Amino acid sequence: MTDVGINAPELGRVSEISIETLAGPKKRARKEAAIRSFFFFAASVSVLISVLIVGSLMKETWTFVSEVDWSVTWGEIGWFPRQGLYDMPTLLVSSLIVTIVAMLVAGPLGLGSAIYLSEYASKRTRKFLKPILEVLAGVPSVVLGFFALVFISPQVIERIGRNGWLVIGALIIVVYLMLVLGWARQLVRREAGTELSTQVKRVMVLTLLVASALILIWWVNGVAGSSDPEAANFFTVKGSGQLAAAAVGVGILTIPLVASVSEDALASVPDELRQASAGLGARKMTTTVQVVLPAAVSGIVAAFIIGVSRAMGETMVVFLAGGAADQAEFTASPFDGGMTMTAAMASLATGTDSVVGEALTFQSLFFVGSVLFLITLALNIVASRFVNRVREKY
Amino acid sequence: MVASTLGNNGAKARVEDEIFGRGRDLRGSGFRTLLLSCLGVSLLVLVVLMVQVVSDGWSVLSTRPIDFLTGVLRSQPGDDALGISQGLVGSFWIAVFVTFLAFPVGIAAAVYLEEYAKQNRVTTIIDTAVRNLAGVPSVVYGLLGLFLLVKGSKYTNWLFVHPFNWFWKLFKDEAAFQGQSTLIAGGMTLAILVLPIVIITAAEAIRAVPSSLRQGAYGVGATKWDVIRTQVLPYAAPGILTGTLLSLSRAIGEAAPLILVGAITGRLAPRESVLSGIGSFTEQFADKFTAMPIVIVGWIRQPGETFQPAAGAAIVVLLILVIAMNSVAVALRNYFEKKRG
Amino acid sequence: MPTSFQRTVRTIGALGALTLAATACTEIGPEPGSTSAADTSGSIFISGSSTVEPISVRVAEMFESIAPGVQVDVEGPGTGDGFKKFCDGETDISDASRAIKEQEMENCAANGVKYTEILVGIDGIAVMTNPANDAVDCVSIENLYGLIGPEATGTTNWSDANSIAGEGMPSAQLDIFGPGAESGTYDSFIEIVLEDLAEERGQEATTRTDYNAAADDNLTLQGIQSSPTTIGWVGYAFGAESDVKLLEVDGGDGCIPATPETIASNEYPISRNLYIYVNEKKARRNRALVEFVDFYVSVGLDEAVSTVGYVELTEDSKADVRFEWNG
């Protein structure tokens with residue numbers, strides 16, 4: 001490990017040249033050995049902690065596993081730990097929903113940010129842009145939980161949800177308009193030669209403006225009309241919060257992590273590849289998409305896996321904004337309230353150090369913890385394989 | 001064709017345009033904009049978040065900012081004495097625990113891994129342990145704290161409770177820590193939580209120390225410890241400090257492990273000031289506790305939206321603390337990177 | 001035998017104490033003729049019902065101003081969780097929104113914990129629906145059993161209740177919100193509303209399991225407001241303050257609205273007593289605890305109970321409570 005050219009004198013090894021002068025006094029050697037073992041002890045603390053984590057999870061988990069009636073852990077109507085119903089699919093599916101939605105947010109945004117920072121940004125712009133992610137990485141999860149509860153849920157999810165079809169409809173019309181205009185532009189071009197007359201341009205811009213204004217009015221009308229409860233549709237938020245809002249919050253928390261791991265992967269792609277590609281006449285975008293990204297694919301996969309693991313382990317956002325407390329019915333819809341594994345654990349323990357309930361309630365806490373621990377551990381191990389692959393390649 | 005139009009300025013621009021593709025590569029610049037907008041969305045989220053919490057907390061922050069910091073937890077949101085002092089005190093003590101437990105152990109572990117460890121099995125095990133610990137969800141650390149420090153048992157008492165009480169008797173005649181939901185349990189849990197972060201960042205900083213420094217020191221007869229003490233650690237200090245600040249801000253913002261360990265979410269009476277004697281100083285360690293994130297969670301979960309201004313204001317205070325630490329850390333790193341560039 | 005290190009540390013501490021005492025004197029000053037409580041010091045830990053928690057917190061805050069040396073910590077994990085800790089001797093007072101159960105008594109006895117039960121106030125359980133719901137104004141106990149009882153599991157329409165018990169429920173989508181099983185309100189609801197009918201019909205006395213349960217009453221209220229045909233139950237204090245429609249309840253003597261008067265007079269069928277339990281052994285050792293409970297039964301019963309939204313005891317029962325505690 002040490003990259004010392006001239007090694008410190010080996011202890012107690014005798015050579016012809018006066019070893020006393022090289023090795024120094026015995027006392028000094030003893031002191032060095034003592035210091036070394038102190039550092040070794042400090043390093044082994046992390047091994048001790050790993051063992052303690054596994055150990056403390058195992059004891060209560062074993063009690064749960066050996067005493068629980070397994071039929072109540074699968075296919076029940078929900079997670080009711082204080083009434084003896086420990087339906088794992090309820091928690092697993094909610095965790096899955098939160099993770100997927102979170103990664104839909106964090107994946108593209110994190111990767112996009114990483115590509116920009118690593119491939120496009122100059123050193124100076126980097127200095128201005130990088131802190132955005134660094135500040136975001138420092139935001140505590142309770143803050144995001146509050147934000148998900150008071151902003152994302154009512155202002156984003158509920159609003160878009162209630163007018164979901166309206167938005168989708170508007171999108172379809174905009175795309176349709178763009179296609180029509182593009183076709184018209186081509187037609188005009190063919191008629192008028194290569195250059196487009198300014199008048200035609202004006203007409204087209206005007207059409208686009210009027211169309212968007214109409215769409216906007218339509219949308220605002222939809223928002224105003226939606227206070228009528230009859231307008232409630234599939235997306236209407238039921239209960240006090242929902243998984244989708246919490247999941248977006250978790251996604252926002254995960255962006256910096258995905259970005260930083262992806263950026264590391266992109267940075268490890270050797271510059272020769274980029275230069276060769278540019279030399280062949282490829283544009284920047286072509287180089288990035290067809291050369292750099294494929295070369296860094298392992299690292300990007302690792303970034304996504306680490307992101308998934310982080311999103312699955314996030315507690316407070318779902319606990320505060322997920323819309324269920326203490327117990328939850330099974331749901332597979334992101335627009336319902338639900339409880340992830342992490343939120344279930346926090347709920348069980350809220351406000352009290354001793355979780356009291358029927359029979360195995362306390363043990364169920366550790367059982368869920370073990371399941372979560374195993375899943376995240378597996379994800380992290382797979383991710384580190386991918387990271388190592390990048391390292392070996394270059 | 002190029003030669004025949006060389007004198008023509010418009011043609012020159014056109015050729016340059018063809019070569020560099022500026023203004024023509026619509027897809028390219030679209031792609032670039034798309035990538036930039038990814039960062040833009042993050043920025044937008046941050047701005048909206050700040051505006052939201054500041055506007056929620058404004059009614060409190062604008063009228064009584066200092067009173068809010070020194071005030072105490074109250075049941076009525078309009079109470080003049082309402083404030084977050086208990087949360088600040090709890091978070092301060094947690095920071096003390098992290099500083100005195102996680103930093104020395106973490107930095108020492110990093111020194112071992114970078115300076116002493118040989119490529120062998122033991123090193124691989126330690127390395128794997130550190131890496132995997134960094135990925136363990138924070139609630140699981142809460143379970144560790146709950147099982148080892150709060151519930152306790154014959155064996156875990158020997159590991160944690162007895163050594164602590166032994167240490168205690170230096171200050172107080174009676175053993176204080178009985179293995180319950182105390183500040184000791186909360187502080188130790190968070191110290192354990194950030195340990196891998198401290199190790200990883202410190203190891204990175206030490207790895208960046210140029211080996212010529214070490215060789216120079218060995219050349220004049222320094223021992224390994226001398227080299228570490230006089231060359232490696234001073235050179236790596238800014239990087240290590242950056243890592244410790246980042247992990248400190250992480251510890252201050254964590255709520256989930258504290259909830260599992262049993263921080264008080266109801267009413268925690270204001271304690272005697274730390275200044276009023278060593279008795280209250282040590283008592284606080286073995287006492288019930290709360291912390292900034294727990295205070296915030298408690299207020300968010302209050303019935304109705306009456307506590308929303310208080311929660312918003314408390315969040316602003318927490319964000320200022322955390323972002324200040326992060327900014328100092330980042331600024332420190334940038335400064336030394338530039339200096340050594 | 002203190003070491004020199006200990007002495008140094010103590011000296012520093014004493015200096016700090018002096019400075020603090022000096023500032024304290026200038027700020028507050030000694031109160032002339034203050035009661036003995038002013039110089040009492042000690043700490044008190046209260047756990048238990050989240051329904052009673054606001055009363056205890058309020059009393060603690062009032063007590064703090066006359067006895068600044070006493071620390072009163074309060075948490076509210078639920079009546080059941082509270083009694084578990086109380087009987088393990090971890091807490092001084094247990095808040096309870098129901099009387100102690102047989103099994104909990106046994107637990108306390110097994111650990112040698114003797115206690116005094118003190119009635120502090122009365123809480124009605126409000127049955128509520130969305131303000132937009134015009135179809136229902138009054139429900140009977142039978143209706144509630146049909147909607148929320150164990151046999152209702154799986155039903156999704158108000159009218160499904162008609163085939164179980166009671167009659168007259170309209171046809172509408174049924175969404176139910178209520179407190180979780182750890183809550184005293186949950187237990188009381190079962191005890192007062194569901195138990196008799198369940199026994200009669202040979203069912204287990206419990207609620208249906210498929211309702212939206214929340215540990216936090218606020219979440220229950222938000223749920224009620226979220227759609228027009230919800231039904232739910234919550235403590236009267238929380239329900240009366242919020243934008244929900246309280247239903248009248250027919251306990252056999254006609255529909256009675258929930259008001260402070262009907263609850264105090266026990267006319268309103270779903271009401272319950274609120275208690276605190278005081279650990280006797282700890283009270284003997286801790287003067288602060290005795291003084292706190294003295295304060296609780298004197299000023300607390302008069303001022304705290306009503307300010308946090310519960311129904312005060314009648315003057316007669318207050319006199320009884322005080323006599324019992326002081327005597």
# chains A, B, ... in the order shown; residues from 1 in each chain; ligands from 1

$ residues_around --residues "region 258-264 of chain B" --least-positions-apart "3" --cutoff "6 Å" --atoms "only C-alpha atoms" --output "number ranges by chain"
A: 349, 352-353; B: 142, 145-146, 181, 186, 255, 289-290

$ residues_around --residues "Leu293 (chain A)" --least-positions-apart "6" --cutoff "10 Å" --atoms "only C-alpha atoms" --output "MDAnalysis selection string"
chainID A and resid 115 262 265:266 269 287 299:300

$ write_last_selection --atoms "all heavy atoms" --output "compact mmCIF listing (two decimals), in the first residue's frame"
# COMPACT_ATOMS: atom_id res chain seq x y z
N ILE A 115 -23.17 14.44 -17.62
CA ILE A 115 -22.63 14.57 -18.97
C ILE A 115 -22.26 16.02 -19.25
O ILE A 115 -21.20 16.33 -19.78
CB ILE A 115 -23.64 14.06 -20.03
CG1 ILE A 115 -23.90 12.57 -19.82
CG2 ILE A 115 -23.10 14.29 -21.44
CD1 ILE A 115 -24.97 12.03 -20.73
N SER A 262 -21.76 9.05 -11.86
CA SER A 262 -21.68 9.04 -13.33
C SER A 262 -20.53 9.92 -13.81
O SER A 262 -19.82 9.57 -14.75
CB SER A 262 -22.96 9.57 -13.97
OG SER A 262 -24.08 8.97 -13.43
N ALA A 265 -17.35 8.21 -13.62
CA ALA A 265 -17.22 7.22 -14.70
C ALA A 265 -16.84 7.91 -16.01
O ALA A 265 -15.95 7.44 -16.73
CB ALA A 265 -18.53 6.45 -14.85
N LEU A 266 -17.51 9.03 -16.31
CA LEU A 266 -17.23 9.73 -17.56
C LEU A 266 -15.80 10.28 -17.56
O LEU A 266 -15.12 10.26 -18.58
CB LEU A 266 -18.23 10.87 -17.76
CG LEU A 266 -19.66 10.43 -18.03
CD1 LEU A 266 -20.61 11.63 -17.97
CD2 LEU A 266 -19.77 9.74 -19.37
N VAL A 269 -13.01 7.96 -18.65
CA VAL A 269 -12.83 7.60 -20.07
C VAL A 269 -11.66 8.41 -20.61
O VAL A 269 -11.64 9.63 -20.49
CB VAL A 269 -14.12 7.94 -20.87
CG1 VAL A 269 -13.88 7.73 -22.35
CG2 VAL A 269 -15.26 7.09 -20.37
N THR A 287 -19.79 12.25 -30.60
CA THR A 287 -18.72 11.72 -29.77
C THR A 287 -19.26 11.33 -28.39
O THR A 287 -19.00 10.23 -27.90
CB THR A 287 -17.62 12.79 -29.58
OG1 THR A 287 -17.21 13.24 -30.85
CG2 THR A 287 -16.46 12.22 -28.80
N GLY A 299 -19.80 2.25 -15.41
CA GLY A 299 -19.86 3.21 -14.32
C GLY A 299 -21.23 3.84 -14.20
O GLY A 299 -21.72 4.10 -13.10
N ILE A 300 -21.88 4.07 -15.35
CA ILE A 300 -23.21 4.67 -15.31
C ILE A 300 -24.22 3.69 -14.72
O ILE A 300 -25.08 4.07 -13.92
CB ILE A 300 -23.60 5.15 -16.72
CG1 ILE A 300 -22.70 6.32 -17.11
CG2 ILE A 300 -25.06 5.55 -16.77
CD1 ILE A 300 -22.75 6.69 -18.55

$ interface_residues --of "chain C" --to "chain A" --cutoff "6 Å" --atoms "only C-alpha atoms" --output "number ranges by chain"
C: 77, 81, 214-215, 219, 222-223, 226

$ write_last_selection --atoms "N, CA and C atoms" --output "mmCIF file, in the first residue's frame"
data_model
loop_
_atom_site.group_PDB
_atom_site.id
_atom_site.type_symbol
_atom_site.label_atom_id
_atom_site.label_comp_id
_atom_site.auth_asym_id
_atom_site.auth_seq_id
_atom_site.Cartn_x
_atom_site.Cartn_y
_atom_site.Cartn_z
ATOM 1 N N PRO C 77 -46.681 8.279 22.976
ATOM 2 C CA PRO C 77 -46.675 7.168 22.031
ATOM 3 C C PRO C 77 -47.976 6.371 22.002
ATOM 4 N N ASP C 81 -48.523 1.719 24.959
ATOM 5 C CA ASP C 81 -47.073 1.855 25.057
ATOM 6 C C ASP C 81 -46.698 2.541 26.365
ATOM 7 N N ALA C 214 -54.228 6.086 11.158
ATOM 8 C CA ALA C 214 -53.118 7.015 11.325
ATOM 9 C C ALA C 214 -52.813 7.189 12.800
ATOM 10 N N ALA C 215 -51.522 7.265 13.131
ATOM 11 C CA ALA C 215 -51.144 7.499 14.519
ATOM 12 C C ALA C 215 -51.369 8.971 14.858
ATOM 13 N N LEU C 219 -53.630 13.459 10.341
ATOM 14 C CA LEU C 219 -53.750 12.698 9.092
ATOM 15 C C LEU C 219 -55.180 12.204 8.915
ATOM 16 N N GLN C 222 -57.211 15.152 7.664
ATOM 17 C CA GLN C 222 -56.916 15.400 6.258
ATOM 18 C C GLN C 222 -57.611 14.380 5.374
ATOM 19 N N GLY C 223 -57.645 13.152 5.845
ATOM 20 C CA GLY C 223 -58.315 12.097 5.093
ATOM 21 C C GLY C 223 -59.790 12.384 4.936
ATOM 22 N N SER C 226 -60.548 14.809 2.339
ATOM 23 C CA SER C 226 -60.046 14.535 0.992
ATOM 24 C C SER C 226 -61.114 14.081 0.012
#

$ residues_around --residues "Ser265 (chain C)" --least-positions-apart "4" --cutoff "12 Å" --atoms "only C-alpha atoms" --output "list in words"
Ile122, Asp123, Gly124, Ile256, Ala258, Thr259, Pro260, Glu261, Pro269, Ile270, Ser271, Arg272, Val311, Glu312, Leu313, Thr314 and Ser317 of chain C

$ atom_distance --atom1 "CA of Gln225 (chain C)" --atom2 "CA of Thr129 (chain C)"
7.9 Å

$ residues_around --residues "Gly146 (chain C)" --least-positions-apart "2" --cutoff "8 Å" --atoms "only C-alpha atoms" --output "list of chain:residue names"
C:Glu142, C:Asn143, C:Leu144, C:Ile148, C:Gly149, C:Glu151, C:Ala152, C:Asp160, C:Ala161, C:Asn162, C:Ser163, C:Ile164, C:Ala165, C:Gly166

$ write_last_selection --atoms "C-alpha atoms" --output "tab-separated table (two decimals), in the first residue's frame"
chain	number	residue	atom	x	y	z
C	142	GLU	CA	-75.68	-0.09	14.90
C	143	ASN	CA	-74.86	1.96	11.80
C	144	LEU	CA	-71.34	2.49	13.07
C	148	ILE	CA	-66.61	0.09	10.83
C	149	GLY	CA	-67.11	-3.17	12.74
C	151	GLU	CA	-68.01	-7.74	9.70
C	152	ALA	CA	-67.67	-4.71	7.45
C	160	ASP	CA	-73.45	-2.27	2.52
C	161	ALA	CA	-73.75	-1.52	6.23
C	162	ASN	CA	-77.53	-1.88	6.05
C	163	SER	CA	-77.21	-5.61	5.48
C	164	ILE	CA	-75.00	-6.01	8.56
C	165	ALA	CA	-76.65	-3.88	11.24
C	166	GLY	CA	-78.83	-0.80	11.46

$ residues_around --residues "Arg98 (chain C)" --least-positions-apart "3" --cutoff "10 Å" --atoms "only C-alpha atoms" --output "list in words"
Ser49, Thr79, Gly80, Asp95, Lys101, Gly184, Thr185, Asp187, Ser188, Glu191, Arg272, Asn273, Leu274, Tyr275 and Ile276 of chain C

$ write_last_selection --atoms "N, CA, C and O atoms" --output "mmCIF file, in the first residue's frame"
data_model
loop_
_atom_site.group_PDB
_atom_site.id
_atom_site.type_symbol
_atom_site.label_atom_id
_atom_site.label_comp_id
_atom_site.auth_asym_id
_atom_site.auth_seq_id
_atom_site.Cartn_x
_atom_site.Cartn_y
_atom_site.Cartn_z
ATOM 1 N N SER C 49 -50.847 8.210 26.617
ATOM 2 C CA SER C 49 -51.821 8.567 25.589
ATOM 3 C C SER C 49 -51.486 9.853 24.849
ATOM 4 O O SER C 49 -51.146 10.863 25.454
ATOM 5 N N THR C 79 -51.574 5.020 24.750
ATOM 6 C CA THR C 79 -51.869 4.558 26.107
ATOM 7 C C THR C 79 -51.188 3.223 26.417
ATOM 8 O O THR C 79 -50.586 3.049 27.470
ATOM 9 N N GLY C 80 -51.267 2.283 25.473
ATOM 10 C CA GLY C 80 -50.694 0.955 25.695
ATOM 11 C C GLY C 80 -49.195 1.009 25.877
ATOM 12 O O GLY C 80 -48.637 0.459 26.830
ATOM 13 N N ASP C 95 -50.100 8.935 31.094
ATOM 14 C CA ASP C 95 -51.353 9.480 30.581
ATOM 15 C C ASP C 95 -52.164 8.329 30.003
ATOM 16 O O ASP C 95 -51.605 7.446 29.359
ATOM 17 N N LYS C 101 -55.895 -1.700 32.044
ATOM 18 C CA LYS C 101 -56.477 -3.025 31.789
ATOM 19 C C LYS C 101 -55.956 -4.041 32.800
ATOM 20 O O LYS C 101 -54.912 -3.841 33.407
ATOM 21 N N GLY C 184 -55.389 5.457 22.122
ATOM 22 C CA GLY C 184 -56.449 5.274 23.101
ATOM 23 C C GLY C 184 -57.815 5.477 22.469
ATOM 24 O O GLY C 184 -58.805 4.854 22.860
ATOM 25 N N THR C 185 -57.868 6.358 21.479
ATOM 26 C CA THR C 185 -59.128 6.616 20.795
ATOM 27 C C THR C 185 -59.624 5.365 20.079
ATOM 28 O O THR C 185 -60.827 5.109 19.993
ATOM 29 N N ASP C 187 -58.984 2.187 21.027
ATOM 30 C CA ASP C 187 -59.494 1.292 22.071
ATOM 31 C C ASP C 187 -60.865 1.732 22.559
ATOM 32 O O ASP C 187 -61.782 0.930 22.688
ATOM 33 N N SER C 188 -60.982 3.053 22.835
ATOM 34 C CA SER C 188 -62.239 3.551 23.372
ATOM 35 C C SER C 188 -63.372 3.354 22.385
ATOM 36 O O SER C 188 -64.499 3.024 22.767
ATOM 37 N N GLU C 191 -64.428 -0.137 22.597
ATOM 38 C CA GLU C 191 -65.069 -0.400 23.870
ATOM 39 C C GLU C 191 -66.493 0.158 23.910
ATOM 40 O O GLU C 191 -67.437 -0.528 24.292
ATOM 41 N N ARG C 272 -65.610 9.404 26.867
ATOM 42 C CA ARG C 272 -64.734 8.575 27.700
ATOM 43 C C ARG C 272 -63.986 9.446 28.684
ATOM 44 O O ARG C 272 -63.806 10.645 28.477
ATOM 45 N N ASN C 273 -63.539 8.822 29.735
ATOM 46 C CA ASN C 273 -62.799 9.530 30.767
ATOM 47 C C ASN C 273 -61.318 9.552 30.441
ATOM 48 O O ASN C 273 -60.788 8.606 29.855
ATOM 49 N N LEU C 274 -60.663 10.633 30.842
ATOM 50 C CA LEU C 274 -59.213 10.735 30.671
ATOM 51 C C LEU C 274 -58.555 10.699 32.046
ATOM 52 O O LEU C 274 -59.012 11.343 32.978
ATOM 53 N N TYR C 275 -57.467 9.925 32.140
ATOM 54 C CA TYR C 275 -56.824 9.735 33.443
ATOM 55 C C TYR C 275 -55.351 10.055 33.374
ATOM 56 O O TYR C 275 -54.748 10.056 32.298
ATOM 57 N N ILE C 276 -54.784 10.312 34.542
ATOM 58 C CA ILE C 276 -53.342 10.142 34.686
ATOM 59 C C ILE C 276 -53.112 9.135 35.804
ATOM 60 O O ILE C 276 -53.911 9.036 36.739
#

$ residues_around --residues "region 77-80 of chain B" --least-positions-apart "3" --cutoff "7 Å" --atoms "only C-alpha atoms" --output "number ranges by chain"
B: 74, 306-307

$ closest_atom_pairs --of "chain B" --to "chain A" --cutoff "6 Å" --atoms "only C-alpha atoms" --output "Markdown table"
| residue | atom | partner | partner_atom | distance |
| --- | --- | --- | --- | --- |
| B:Gly28 | CA | A:Met285 | CA | 5.4 |
| B:Leu35 | CA | A:Gly112 | CA | 4.8 |
| B:Cys38 | CA | A:Leu109 | CA | 4.8 |
| B:Leu39 | CA | A:Ser113 | CA | 5.2 |
| B:Val105 | CA | A:Ala42 | CA | 5.2 |
| B:Ala108 | CA | A:Phe39 | CA | 5.3 |
| B:Ala109 | CA | A:Ala43 | CA | 3.8 |
| B:Tyr112 | CA | A:Phe39 | CA | 5.2 |
| B:Glu115 | CA | A:Thr2 | CA | 5.2 |
| B:Ala117 | CA | A:Met1 | CA | 5.9 |
| B:Lys118 | CA | A:Met1 | CA | 5.3 |
| B:Ile126 | CA | A:Val47 | CA | 5.9 |
| B:Ala129 | CA | A:Val47 | CA | 5.5 |
| B:Val130 | CA | A:Ser46 | CA | 6.0 |
| B:Pro137 | CA | A:Gly313 | CA | 4.8 |
| B:Leu144 | CA | A:Ile53 | CA | 5.7 |
| B:Gly253 | CA | A:Pro140 | CA | 4.8 |
| B:Leu260 | CA | A:Ala349 | CA | 5.4 |
| B:Gly262 | CA | A:Asp353 | CA | 4.3 |
| B:Thr265 | CA | A:Gly351 | CA | 5.5 |

$ closest_residue --among "B:Ala202, B:Ala191, B:Leu34, B:Leu82" --to "chain C" --atoms "only C-alpha atoms"
B:Leu82

$ atom_distance --atom1 "CA of Val156 (chain A)" --atom2 "CA of Met178 (chain A)"
26.1 Å

$ closest_residue --among "B:Ala269, B:Val220, B:Ala95, B:Leu69" --to "chain C" --atoms "only C-alpha atoms"
B:Ala269
